[in-house]
Structure formats: structure tokens, C-alpha cells
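Data first, discussion second: the structure below is written as C-alpha cells.
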Amino acid sequence: MLRVGLTGSLGSGKSTVAEYLRELGADVIEADELGRSLMQPGQKVYAEIVRIFGPEVVNDDGSLNRSKLANLAFSQGRLQDLNSIVHPATIEAQRKWMRDVFAHNPAAIAVVVSALVFEVERDARARGESDAVLADWKRRFDRIVVVTAPDDFKVARYVARTDPKGHNRSAAEADARARLAHQIPDAQKAARADYVLENAGDRENLRQQVESLWLRLKAESNKSGENEYLK
């Protein structure tokens, strides 16, 4: 078994790397997908967000208005309030997912795709949670893979994804840069990573890097025993 954290700033190409790893045989889950599922009506995370942020973040149909929530988090200094609700629940969901993966296949390589592996650790320590699982990524993962890319490339990818028709490009770019400002720079992430993939936009080159990475991960997959995090 091998627990892998795949991280990198927004727009770095993590999802593309995850797609390649899935094709090669990895079990992959995206933290964003888990977070979105936990923020649906009826979930504890949803209820806590509404309690903390108020009814103004709720749409008429009962769903969360993610645009208003993001504005409160990134533009009005309430990102920590949101993260303290979402991160612990998402990490617990990841733990349960990994436990199920390894119960089915003890030799599996389980990959969690998350932009915020190091940021979760940083924020937990800032809250004084130095002994918690969130405050030490090594309690959650055996290996960390970081995808790096130039910031302009990241912004362009984010804009293309969130505003594909170019209706409000300037706002999308500003949003991307605001989010990047809250994320740890690539150089610092790369310095702490086990593996670094450089994404300059050449998909074939990136695929070759992933294929090389996969061979290394497979060679290591039987070296990690059961971890307390999975129990």
C-alpha cells in the first residue's frame, strides 16, 4: 500500500496528472469532489457553514452560493473560518476512502488530489493544532508529489476553466491571483516534496514524467505498512 498526496497550486495541472495516474492503475480521489459532497444540504459541513456565515450564503433552492461564500472567504478575510469547517471533514472522508481502497487491495496506490496539502498543515498549526493529523502531512501520506507551473500559466488555465466564454476575464484573473496569494509558492512546496512534476503545457512531456513517476511509486507500494491514520 502507498498513500500519495498529489498537490500543486490551482491551475497547475493536477487533474491532468491524476487522469494519467488513474489510467496507469492508481486509485484516485479529488479533495474538491469530497468537499463539494460534504457541502450539500443535509450534511454537517453544510449546516455549520450556514450557522457561521449566515443565510445569505444559501440559494433559493437551499444549495450553498459558492460565489458568495468564496467572496467572504477570499475578499473579506474569512478563509480560515471556512477552512476550519471544511478541512477536518474532508480529511476524515479521505481517511475512510483510503481504508476502503486498501481493504479491497492491500497493494493499491491511493492518490488524493488536493491543492492544499501543505496549506492544511500550515493552517492547522496556525490554529494551535500541532498534535492533530491535519498539522502533519506525514501522518496522512507516505509520499507527496508536487505539480509546478508558471503562475501566468496557472491563471490562464483557471480562467479558461471558470470563464470559458470570456464574459468576465478580468474578474476571473483577479480571482485566480487572490486564490494563489493564499497558497504556498511552488518553490516551497517542491522543497518538501518527494517528487516534482514540471508542467509547462506540453501534455506529452507531462505524461512521460507521470509514467516515470508511476514506476517509482509501484516499486515503493509494498514498503508502507498499515498506518494509524487508516484505522
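Each chain in the C-alpha cells gets a letter, A, B and so on, in the order shown; residues start at 1 in every chain, and ligands are counted from 1 in the order they appear.
The residues of segment 120-227 of chain A that DSSP classifies as strand (DSSP E), using the backbone of this structure, are Arg143, Ile144, Val145, Val146, Val147, Thr148, Tyr195, Val196, Leu197 and Glu198 of chain A.
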Save out the residues we just selected, C-alpha atoms, as a short mmCIF file (atom, residue, chain, number, x, y, z; two decimals), in the first residue's frame.
```cif
data_model
loop_
_atom_site.label_atom_id
_atom_site.label_comp_id
_atom_site.auth_asym_id
_atom_site.auth_seq_id
_atom_site.Cartn_x
_atom_site.Cartn_y
_atom_site.Cartn_z
CA ARG A 143 4.71 10.31 -0.50
CA ILE A 144 3.99 13.81 -1.77
CA VAL A 145 4.00 14.70 -5.46
CA VAL A 146 4.00 18.39 -6.39
CA VAL A 147 3.00 19.68 -9.82
CA THR A 148 4.61 23.02 -10.62
CA TYR A 195 8.61 14.02 -6.39
CA VAL A 196 8.18 17.13 -8.52
CA LEU A 197 6.50 17.22 -11.93
CA GLU A 198 7.08 20.31 -14.06
#
```
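When the distance limit is 10 Å and only C-alpha atoms are what count, the residues near segment 93-97 of chain A, minus those fewer than 6 positions from it on the same chain, are Asp27, Val28, Ile29, Glu30, Ala31, Leu34, Gly35, Leu38, His87, Ala103, Ala110, Val111, Val112, Arg140, Tyr229, Leu230 and Lys231 of chain A.
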**Item:** d(atom CA of Ser63 of chain A, atom CA of Gln40 of chain A) in Å
**Value:** 6.6 Å
Show which residues sit within 12 Å of Glu119 of chain A, as a PDB file with N, CA and C atoms, in the first residue's frame. Count only C-alpha atoms, and ignore same-chain residues fewer than 5 positions away.
```pdb
ATOM      1  N   THR A   7      -0.337  17.251  -5.126  1.00  0.00           N
ATOM      2  CA  THR A   7      -0.683  18.639  -4.842  1.00  0.00           C
ATOM      3  C   THR A   7      -0.003  19.590  -5.814  1.00  0.00           C
ATOM      4  N   GLY A   8      -0.393  20.841  -5.713  1.00  0.00           N
ATOM      5  CA  GLY A   8       0.089  21.911  -6.583  1.00  0.00           C
ATOM      6  C   GLY A   8      -0.949  23.020  -6.560  1.00  0.00           C
ATOM      7  N   SER A   9      -0.544  24.214  -6.871  1.00  0.00           N
ATOM      8  CA  SER A   9      -1.459  25.345  -6.836  1.00  0.00           C
ATOM      9  C   SER A   9      -2.544  25.206  -7.886  1.00  0.00           C
ATOM     10  N   LEU A  79     -11.313  33.204   5.202  1.00  0.00           N
ATOM     11  CA  LEU A  79     -10.899  31.910   4.661  1.00  0.00           C
ATOM     12  C   LEU A  79     -10.647  30.890   5.769  1.00  0.00           C
ATOM     13  N   GLN A  80     -10.038  31.341   6.864  1.00  0.00           N
ATOM     14  CA  GLN A  80      -9.764  30.416   7.965  1.00  0.00           C
ATOM     15  C   GLN A  80     -11.052  29.883   8.583  1.00  0.00           C
ATOM     16  N   ASN A  83     -12.149  27.199   6.149  1.00  0.00           N
ATOM     17  CA  ASN A  83     -11.256  26.041   6.160  1.00  0.00           C
ATOM     18  C   ASN A  83     -11.380  25.215   7.436  1.00  0.00           C
ATOM     19  N   SER A  84     -11.598  25.888   8.557  1.00  0.00           N
ATOM     20  CA  SER A  84     -11.700  25.158   9.826  1.00  0.00           C
ATOM     21  C   SER A  84     -12.942  24.272   9.873  1.00  0.00           C
ATOM     22  N   HIS A  87     -11.993  21.542   6.111  1.00  0.00           N
ATOM     23  CA  HIS A  87     -10.802  20.695   6.076  1.00  0.00           C
ATOM     24  C   HIS A  87     -10.888  19.447   6.957  1.00  0.00           C
ATOM     25  N   SER A 114      -5.150  17.163  -4.059  1.00  0.00           N
ATOM     26  CA  SER A 114      -5.542  18.313  -3.244  1.00  0.00           C
ATOM     27  C   SER A 114      -4.571  19.462  -3.456  1.00  0.00           C
ATOM     28  N   ALA A 124      -3.585  24.467  10.211  1.00  0.00           N
ATOM     29  CA  ALA A 124      -3.837  23.740  11.455  1.00  0.00           C
ATOM     30  C   ALA A 124      -2.833  24.165  12.522  1.00  0.00           C
ATOM     31  N   ARG A 125      -1.593  24.312  12.131  1.00  0.00           N
ATOM     32  CA  ARG A 125      -0.588  24.771  13.095  1.00  0.00           C
ATOM     33  C   ARG A 125      -0.875  26.195  13.559  1.00  0.00           C
ATOM     34  N   ALA A 126      -1.359  27.028  12.632  1.00  0.00           N
ATOM     35  CA  ALA A 126      -1.695  28.405  12.995  1.00  0.00           C
ATOM     36  C   ALA A 126      -2.841  28.446  14.004  1.00  0.00           C
ATOM     37  N   LEU A 134      -4.144  16.909  10.939  1.00  0.00           N
ATOM     38  CA  LEU A 134      -4.082  17.950   9.915  1.00  0.00           C
ATOM     39  C   LEU A 134      -2.768  18.716   9.959  1.00  0.00           C
ATOM     40  N   ALA A 135      -2.092  18.722  11.109  1.00  0.00           N
ATOM     41  CA  ALA A 135      -0.893  19.537  11.288  1.00  0.00           C
ATOM     42  C   ALA A 135       0.388  18.836  10.851  1.00  0.00           C
ATOM     43  N   ASP A 136       0.280  17.627  10.308  1.00  0.00           N
ATOM     44  CA  ASP A 136       1.463  16.900   9.867  1.00  0.00           C
ATOM     45  C   ASP A 136       1.083  16.013   8.689  1.00  0.00           C
ATOM     46  N   TRP A 137       1.444  16.428   7.488  1.00  0.00           N
ATOM     47  CA  TRP A 137       1.026  15.667   6.305  1.00  0.00           C
ATOM     48  C   TRP A 137       1.607  14.255   6.309  1.00  0.00           C
ATOM     49  N   ARG A 179      -6.633  33.727  -5.056  1.00  0.00           N
ATOM     50  CA  ARG A 179      -6.520  32.370  -4.531  1.00  0.00           C
ATOM     51  C   ARG A 179      -5.059  31.938  -4.449  1.00  0.00           C
ATOM     52  N   LEU A 180      -4.278  32.271  -5.479  1.00  0.00           N
ATOM     53  CA  LEU A 180      -2.866  31.922  -5.459  1.00  0.00           C
ATOM     54  C   LEU A 180      -2.129  32.599  -4.305  1.00  0.00           C
ATOM     55  N   ALA A 181      -2.567  33.813  -3.967  1.00  0.00           N
ATOM     56  CA  ALA A 181      -1.911  34.550  -2.884  1.00  0.00           C
ATOM     57  C   ALA A 181      -2.056  33.845  -1.538  1.00  0.00           C
ATOM     58  N   HIS A 182      -3.095  33.022  -1.403  1.00  0.00           N
ATOM     59  CA  HIS A 182      -3.315  32.287  -0.157  1.00  0.00           C
ATOM     60  C   HIS A 182      -2.629  30.923  -0.173  1.00  0.00           C
ATOM     61  N   GLN A 183      -2.031  30.565  -1.314  1.00  0.00           N
ATOM     62  CA  GLN A 183      -1.387  29.268  -1.421  1.00  0.00           C
ATOM     63  C   GLN A 183       0.131  29.405  -1.315  1.00  0.00           C
ATOM     64  N   ILE A 184       0.764  28.391  -0.790  1.00  0.00           N
ATOM     65  CA  ILE A 184       2.209  28.385  -0.620  1.00  0.00           C
ATOM     66  C   ILE A 184       2.881  28.323  -1.993  1.00  0.00           C
ATOM     67  N   PRO A 185       3.924  29.122  -2.223  1.00  0.00           N
ATOM     68  CA  PRO A 185       4.596  29.133  -3.535  1.00  0.00           C
ATOM     69  C   PRO A 185       5.154  27.763  -3.917  1.00  0.00           C
ATOM     70  N   ASP A 186       5.242  27.533  -5.225  1.00  0.00           N
ATOM     71  CA  ASP A 186       5.733  26.258  -5.743  1.00  0.00           C
ATOM     72  C   ASP A 186       7.096  25.877  -5.183  1.00  0.00           C
ATOM     73  N   GLN A 188       8.536  26.467  -2.391  1.00  0.00           N
ATOM     74  CA  GLN A 188       8.477  25.938  -1.029  1.00  0.00           C
ATOM     75  C   GLN A 188       7.854  24.549  -0.997  1.00  0.00           C
ATOM     76  N   LYS A 189       6.836  24.331  -1.820  1.00  0.00           N
ATOM     77  CA  LYS A 189       6.218  23.005  -1.884  1.00  0.00           C
ATOM     78  C   LYS A 189       7.195  21.985  -2.452  1.00  0.00           C
TER      79      LYS A 189
END
```
**Message:** Would you pick out the contacts of segment 216-218 of chain A at 9 Å or less, using only C-alpha atoms, so that residues sharing its chain but fewer than 6 positions from it are not included, and give the list as a PyMOL selection string?
**Reply:** chain A and resi 2+4+107-109+143
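We find atom CA of Ala149 of chain A and atom CA of Ala200 of chain A to be spaced 5.9 Å apart.
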